[in-house]
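Coordinates from start_37.cif are shown below (mmCIF, C-alpha atoms; chains and numbers go by the auth columns).
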data_my_file
#
loop_
_atom_site.group_PDB
_atom_site.id
_atom_site.type_symbol
_atom_site.label_atom_id
_atom_site.label_comp_id
_atom_site.label_asym_id
_atom_site.label_seq_id
_atom_site.Cartn_x
_atom_site.Cartn_y
_atom_site.Cartn_z
_atom_site.B_iso_or_equiv
_atom_site.auth_seq_id
_atom_site.auth_asym_id
ATOM 1 C CA MET A 1 -36.198 17.791 -35.572 0.00 1 T
ATOM 2 C CA ALA A 2 -34.458 14.533 -36.199 0.00 2 T
ATOM 3 C CA GLU A 3 -30.880 14.679 -37.398 0.00 3 T
ATOM 4 C CA LYS A 4 -30.056 13.144 -40.713 0.00 4 T
ATOM 5 C CA LYS A 5 -27.800 10.125 -40.481 0.00 5 T
ATOM 6 C CA MET A 6 -24.638 9.933 -42.560 0.00 6 T
ATOM 7 C CA SER A 7 -24.233 7.072 -44.919 0.00 7 T
ATOM 8 C CA THR A 8 -21.524 4.521 -44.170 0.00 8 T
ATOM 9 C CA SER A 9 -19.594 5.427 -47.314 0.00 9 T
ATOM 10 C CA ARG A 10 -19.488 9.091 -46.218 0.00 10 T
ATOM 11 C CA LYS A 11 -18.330 8.067 -42.716 0.00 11 T
ATOM 12 C CA ASN A 12 -15.553 5.914 -44.159 0.00 12 T
ATOM 13 C CA GLN A 13 -14.446 8.708 -46.503 0.00 13 T
ATOM 14 C CA LEU A 14 -14.240 11.246 -43.643 0.00 14 T
ATOM 15 C CA LYS A 15 -12.418 8.717 -41.471 0.00 15 T
ATOM 16 C CA SER A 16 -9.796 8.079 -44.150 0.00 16 T
ATOM 17 C CA LEU A 17 -9.312 11.846 -44.666 0.00 17 T
ATOM 18 C CA LEU A 18 -8.770 12.336 -40.921 0.00 18 T
ATOM 19 C CA LEU A 19 -6.249 9.496 -40.850 0.00 19 T
ATOM 20 C CA GLN A 20 -4.333 10.999 -43.799 0.00 20 T
ATOM 21 C CA ILE A 21 -4.217 14.423 -42.146 0.00 21 T
ATOM 22 C CA ALA A 22 -3.045 12.879 -38.840 0.00 22 T
ATOM 23 C CA GLU A 23 -0.339 10.912 -40.665 0.00 23 T
ATOM 24 C CA THR A 24 1.052 14.027 -42.375 0.00 24 T
ATOM 25 C CA MET A 25 1.006 15.896 -39.060 0.00 25 T
ATOM 26 C CA LEU A 26 2.959 13.091 -37.357 0.00 26 T
ATOM 27 C CA GLU A 27 5.532 13.093 -40.159 0.00 27 T
ATOM 28 C CA GLU A 28 5.945 16.878 -39.840 0.00 28 T
ATOM 29 C CA GLU A 29 6.408 16.619 -36.060 0.00 29 T
ATOM 30 C CA ALA A 30 9.018 13.877 -36.479 0.00 30 T
ATOM 31 C CA GLY A 31 10.888 16.036 -39.020 0.00 31 T
ATOM 32 C CA GLU A 32 10.819 19.047 -36.686 0.00 32 T
ATOM 33 C CA ALA A 33 12.113 16.945 -33.797 0.00 33 T
ATOM 34 C CA GLU A 34 14.970 15.672 -35.981 0.00 34 T
ATOM 35 C CA LYS A 35 15.840 19.263 -37.012 0.00 35 T
ATOM 36 C CA GLU A 36 15.849 20.416 -33.383 0.00 36 T
ATOM 37 C CA LYS A 37 18.101 17.507 -32.470 0.00 37 T
ATOM 38 C CA MET A 38 20.561 18.389 -35.249 0.00 38 T
ATOM 39 C CA VAL A 39 20.627 22.078 -34.206 0.00 39 T
ATOM 40 C CA TYR A 40 21.270 21.119 -30.582 0.00 40 T
ATOM 41 C CA MET A 41 24.052 18.708 -31.555 0.00 41 T
ATOM 42 C CA GLU A 42 25.726 21.377 -33.744 0.00 42 T
ATOM 43 C CA GLU A 43 25.623 23.907 -30.916 0.00 43 T
ATOM 44 C CA ASN A 44 26.841 21.657 -28.102 0.00 44 T
ATOM 45 C CA CYS A 45 29.016 19.110 -29.918 0.00 45 T
ATOM 46 C CA PRO A 46 31.637 20.579 -32.231 0.00 46 T
ATOM 47 C CA VAL A 47 32.833 18.573 -35.223 0.00 47 T
ATOM 48 C CA LEU A 48 35.626 16.187 -34.301 0.00 48 T
ATOM 49 C CA SER A 49 38.883 16.962 -36.079 0.00 49 T
ATOM 50 C CA ILE A 50 41.620 14.418 -35.478 0.00 50 T
ATOM 51 C CA SER A 51 44.728 15.489 -37.302 0.00 51 T
ATOM 52 C CA GLY A 52 47.439 15.471 -34.645 0.00 52 T
ATOM 53 C CA GLY A 53 49.327 12.873 -32.676 0.00 53 T
ATOM 54 C CA THR A 54 48.668 11.023 -29.470 0.00 54 T
ATOM 55 C CA GLN A 55 49.192 14.098 -27.298 0.00 55 T
ATOM 56 C CA GLU A 56 46.266 15.932 -28.911 0.00 56 T
ATOM 57 C CA LEU A 57 44.075 12.825 -28.666 0.00 57 T
ATOM 58 C CA GLN A 58 44.808 12.528 -24.942 0.00 58 T
ATOM 59 C CA GLU A 59 43.910 16.187 -24.411 0.00 59 T
ATOM 60 C CA LEU A 60 40.687 15.653 -26.360 0.00 60 T
ATOM 61 C CA CYS A 61 39.850 12.601 -24.236 0.00 61 T
ATOM 62 C CA ARG A 62 40.447 14.544 -21.012 0.00 62 T
ATOM 63 C CA LYS A 63 38.251 17.374 -22.262 0.00 63 T
ATOM 64 C CA LEU A 64 35.452 14.964 -23.211 0.00 64 T
ATOM 65 C CA HIS A 65 35.778 13.195 -19.870 0.00 65 T
ATOM 66 C CA LYS A 66 35.310 16.493 -18.005 0.00 66 T
ATOM 67 C CA GLN A 67 32.228 17.278 -20.097 0.00 67 T
ATOM 68 C CA ILE A 68 30.785 13.837 -19.344 0.00 68 T
ATOM 69 C CA GLU A 69 31.350 14.367 -15.609 0.00 69 T
ATOM 70 C CA MET A 70 29.586 17.737 -15.747 0.00 70 T
ATOM 71 C CA VAL A 71 26.612 16.248 -17.592 0.00 71 T
ATOM 72 C CA ASP A 72 26.394 13.381 -15.076 0.00 72 T
ATOM 73 C CA GLU A 73 26.447 15.835 -12.156 0.00 73 T
ATOM 74 C CA GLU A 74 23.667 17.883 -13.750 0.00 74 T
ATOM 75 C CA ARG A 75 21.627 14.731 -14.410 0.00 75 T
ATOM 76 C CA TYR A 76 22.070 13.590 -10.792 0.00 76 T
ATOM 77 C CA ASP A 77 21.086 17.029 -9.462 0.00 77 T
ATOM 78 C CA MET A 78 17.977 17.065 -11.639 0.00 78 T
ATOM 79 C CA GLU A 79 17.004 13.553 -10.511 0.00 79 T
ATOM 80 C CA MET A 80 17.316 14.598 -6.859 0.00 80 T
ATOM 81 C CA LYS A 81 15.248 17.736 -7.467 0.00 81 T
ATOM 82 C CA MET A 82 12.623 15.645 -9.227 0.00 82 T
ATOM 83 C CA LYS A 83 12.471 13.093 -6.389 0.00 83 T
ATOM 84 C CA LYS A 84 12.198 15.881 -3.820 0.00 84 T
ATOM 85 C CA SER A 85 9.443 17.649 -5.721 0.00 85 T
ATOM 86 C CA ASN A 86 7.555 14.355 -6.241 0.00 86 T
ATOM 87 C CA LYS A 87 7.725 13.697 -2.505 0.00 87 T
ATOM 88 C CA GLU A 88 6.450 17.211 -1.759 0.00 88 T
ATOM 89 C CA ILE A 89 3.614 16.695 -4.253 0.00 89 T
ATOM 90 C CA ASP A 90 2.652 13.415 -2.581 0.00 90 T
ATOM 91 C CA ASP A 91 2.714 15.058 0.856 0.00 91 T
ATOM 92 C CA LEU A 92 0.520 17.897 -0.386 0.00 92 T
ATOM 93 C CA LYS A 93 -1.896 15.405 -1.940 0.00 93 T
ATOM 94 C CA LEU A 94 -2.145 13.618 1.413 0.00 94 T
ATOM 95 C CA LYS A 95 -2.836 16.915 3.175 0.00 95 T
ATOM 96 C CA VAL A 96 -5.555 17.783 0.672 0.00 96 T
ATOM 97 C CA ARG A 97 -7.087 14.327 1.070 0.00 97 T
ATOM 98 C CA ASP A 98 -7.033 14.723 4.865 0.00 98 T
ATOM 99 C CA LEU A 99 -8.699 18.133 4.594 0.00 99 T
ATOM 100 C CA ASN A 100 -11.417 16.746 2.343 0.00 100 T
ATOM 101 C CA GLY A 101 -12.049 13.919 4.762 0.00 101 T
ATOM 102 C CA LYS A 102 -11.612 11.244 2.134 0.00 102 T
ATOM 103 C CA PHE A 103 -8.850 9.198 3.679 0.00 103 T
ATOM 104 C CA ARG A 104 -8.191 5.695 2.508 0.00 104 T
ATOM 105 C CA LYS A 105 -6.791 3.518 5.251 0.00 105 T
ATOM 106 C CA PRO A 106 -3.724 1.582 4.187 0.00 106 T
ATOM 107 C CA ALA A 107 -3.831 -2.190 4.438 0.00 107 T
ATOM 108 C CA LEU A 108 -2.103 -3.248 7.628 0.00 108 T
ATOM 109 C CA LYS A 109 -0.102 -6.409 7.905 0.00 109 T
ATOM 110 C CA LYS A 110 -0.997 -8.916 10.600 0.00 110 T
ATOM 111 C CA VAL A 111 1.817 -9.295 13.090 0.00 111 T
ATOM 112 C CA ARG A 112 1.978 -11.964 15.741 0.00 112 T
ATOM 113 C CA MET A 113 3.531 -10.429 18.800 0.00 113 T
ATOM 114 C CA SER A 114 3.353 -11.295 22.470 0.00 114 T
ATOM 115 C CA ALA A 115 2.344 -8.730 25.057 0.00 115 T
ATOM 116 C CA ASP A 116 5.921 -8.513 26.360 0.00 116 T
ATOM 117 C CA ALA A 117 7.310 -7.917 22.877 0.00 117 T
ATOM 118 C CA MET A 118 4.663 -5.269 22.203 0.00 118 T
ATOM 119 C CA LEU A 119 5.493 -3.413 25.414 0.00 119 T
ATOM 120 C CA ALA A 120 9.193 -3.612 24.622 0.00 120 T
ATOM 121 C CA ALA A 121 8.517 -2.180 21.146 0.00 121 T
ATOM 122 C CA LEU A 122 6.348 0.632 22.503 0.00 122 T
ATOM 123 C CA LEU A 123 8.400 1.564 25.550 0.00 123 T
ATOM 124 C CA GLY A 124 11.819 0.837 24.100 0.00 124 T
ATOM 125 C CA SER A 125 14.642 -1.211 25.528 0.00 125 T
ATOM 126 C CA LYS A 126 14.933 1.015 28.633 0.00 126 T
ATOM 127 C CA HIS A 127 11.754 -0.268 30.262 0.00 127 T
ATOM 128 C CA LYS A 128 11.707 -3.983 30.837 0.00 128 T
ATOM 129 C CA VAL A 129 8.217 -4.793 31.983 0.00 129 T
ATOM 130 C CA SER A 130 6.993 -8.324 32.001 0.00 130 T
ATOM 131 C CA MET A 131 3.289 -8.601 31.764 0.00 131 T
ATOM 132 C CA ASP A 132 1.838 -11.875 32.921 0.00 132 T
ATOM 133 C CA LEU A 133 -1.836 -11.570 32.128 0.00 133 T
ATOM 134 C CA ARG A 134 -2.781 -14.809 33.856 0.00 134 T
ATOM 135 C CA ALA A 135 -1.303 -13.704 37.189 0.00 135 T
ATOM 136 C CA ASN A 136 -3.721 -10.794 37.378 0.00 136 T
ATOM 137 C CA LEU A 137 -6.779 -12.958 36.805 0.00 137 T
ATOM 138 C CA LYS A 138 -9.032 -13.749 39.723 0.00 138 T
ATOM 139 C CA GLN A 139 -9.413 -17.433 40.446 0.00 139 T
ATOM 140 C CA VAL A 140 -12.984 -18.547 40.880 0.00 140 T
ATOM 141 C CA LYS A 141 -13.789 -21.815 42.561 0.00 141 T
ATOM 142 C CA LYS A 142 -16.889 -23.578 41.417 0.00 142 T
ATOM 143 C CA GLU A 143 -19.404 -23.856 44.225 0.00 143 T
ATOM 144 C CA ILE A 144 -21.292 -27.092 44.305 0.00 144 T
ATOM 145 C CA LYS A 145 -24.915 -26.569 45.143 0.00 145 T
ATOM 146 C CA GLU A 146 -26.295 -28.351 48.166 0.00 146 T
ATOM 147 C CA GLU A 147 -29.101 -29.865 46.135 0.00 147 T
ATOM 148 C CA GLU A 148 -26.678 -31.570 43.814 0.00 148 T
ATOM 149 C CA LYS A 149 -24.860 -33.063 46.793 0.00 149 T
ATOM 150 C CA GLN A 150 -28.058 -34.477 48.239 0.00 150 T
ATOM 151 C CA THR A 151 -29.463 -35.918 45.035 0.00 151 T
ATOM 152 C CA GLY A 152 -26.596 -38.261 44.349 0.00 152 T
ATOM 153 C CA ASP A 153 -27.686 -41.225 42.218 0.00 153 T
ATOM 154 C CA TRP A 154 -31.071 -40.723 40.550 0.00 154 T
ATOM 155 C CA ARG A 155 -31.992 -44.400 40.794 0.00 155 T
ATOM 156 C CA LYS A 156 -31.852 -44.330 44.572 0.00 156 T
ATOM 157 C CA ASN A 157 -33.957 -41.195 44.568 0.00 157 T
ATOM 158 C CA ILE A 158 -36.721 -42.836 42.546 0.00 158 T
ATOM 159 C CA GLU A 159 -36.859 -45.855 44.797 0.00 159 T
ATOM 160 C CA HIS A 160 -36.951 -43.612 47.833 0.00 160 T
ATOM 161 C CA LYS A 161 -39.881 -41.552 46.533 0.00 161 T
ATOM 162 C CA ALA A 162 -41.878 -44.477 45.170 0.00 162 T
ATOM 163 C CA GLY A 163 -45.340 -44.965 46.630 0.00 163 T
ATOM 164 C CA MET A 164 -47.483 -42.596 48.666 0.00 164 T
ATOM 165 C CA ASP A 165 -44.960 -42.174 51.409 0.00 165 T
ATOM 166 C CA GLY A 166 -42.358 -40.878 48.951 0.00 166 T
ATOM 167 C CA ARG A 167 -44.728 -38.415 47.317 0.00 167 T
ATOM 168 C CA LYS A 168 -45.905 -37.139 50.662 0.00 168 T
ATOM 169 C CA LYS A 169 -42.285 -36.571 51.696 0.00 169 T
ATOM 170 C CA MET A 170 -41.605 -34.740 48.437 0.00 170 T
ATOM 171 C CA PHE A 171 -44.466 -32.273 48.995 0.00 171 T
ATOM 172 C CA GLU A 172 -43.540 -31.753 52.633 0.00 172 T
ATOM 173 C CA THR A 173 -39.891 -30.951 51.854 0.00 173 T
ATOM 174 C CA ASP A 174 -40.801 -28.436 49.120 0.00 174 T
ATOM 175 C CA ALA A 175 -43.210 -26.476 51.327 0.00 175 T
#

Please express the file's structure as structure tokens.
Amino acid sequence: MAEKKMSTSRKNQLKSLLLQIAETMLEEEAGEAEKEKMVYMEENCPVLSISGGTQELQELCRKLHKQIEMVDEERYDMEMKMKKSNKEIDDLKLKVRDLNGKFRKPALKKVRMSADAMLAALLGSKHKVSMDLRANLKQVKKEIKEEEKQTGDWRKNIEHKAGMDGRKKMFETDA
């Protein structure tokens, strides 16, 4: 059976109710995050009480400096762990892609390199091989056909073969 369509006023009313509910939920989440932040700050950062002289302030500064160094070391360690794990994840993704057979070839850059430079790059600096490709080529001399030598100038040929004598000669030489 065909479903009944909602009227536009009903759709708009439901939409506005959903937006109001979502807004209250966002406000509650923001309040909870603020409370968590305050609790964390109270636990880890004691209230600052400055009542003494310069000696106490210097001690306080040293203490805070040590805490900052510890936090920086922890942050650095976490960043390194994250980079290492991201690299491992990428490697595993590549392995999975290879196993599935869906491998996307990376775009290669065009490099202009001579044969000597390519050999030096492949073999290293130990092997100095010069590769002259033209030296290995076989030289071929063009053979001039005997017919072309005999024909010479075409105008002389026509005059020579003109008349019955010339045609008779032409048939005799071909046979």

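As for CA of Arg104 in chain T and CA of Leu119 in chain T, they are spaced 28.2 Å apart.
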
>> Just the number, please: distance in Å from CA of Val47 in chain T to CA of Leu60 in chain T, one decimal.
In response: 12.2 Å

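Distance-wise, CA of Val39 in chain T and CA of Glu23 in chain T end up 24.6 Å apart.
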
Can you tell me, as lines of an AutoDock Vina configuration file, the centre and edge lengths (Å, one decimal) of the axis-aligned box enclosing all of range 65-74 of chain T's listed atoms after padding each side by 5 Å?
center_x = 29.7
center_y = 15.5
center_z = -16.1
size_x = 22.1
size_y = 14.7
size_z = 17.9

>> Can you pull out the residues contacting Gln67 in chain T? Cut-off 12 Å, using all atoms listed in the file, and skip same-chain residues under 6 positions away; I want them as a PyMOL selection string.
In response: chain T and resi 44-45+60-61+73-74

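When the distance limit is 12 Å and only C-alpha atoms are what count, the residues near Ile50 in chain T, minus those fewer than 4 positions from it on the same chain, are Thr54, Gln55, Glu56, Leu57, Gln58, Glu59, Leu60 and Cys61 of chain T.
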
How would the residues just chosen look if you wrote them out with C-alpha atoms as a CSV table (one decimal), in the coordinates of the input?
chain,number,residue,atom,x,y,z
T,54,THR,CA,48.7,11.0,-29.5
T,55,GLN,CA,49.2,14.1,-27.3
T,56,GLU,CA,46.3,15.9,-28.9
T,57,LEU,CA,44.1,12.8,-28.7
T,58,GLN,CA,44.8,12.5,-24.9
T,59,GLU,CA,43.9,16.2,-24.4
T,60,LEU,CA,40.7,15.7,-26.4
T,61,CYS,CA,39.8,12.6,-24.2
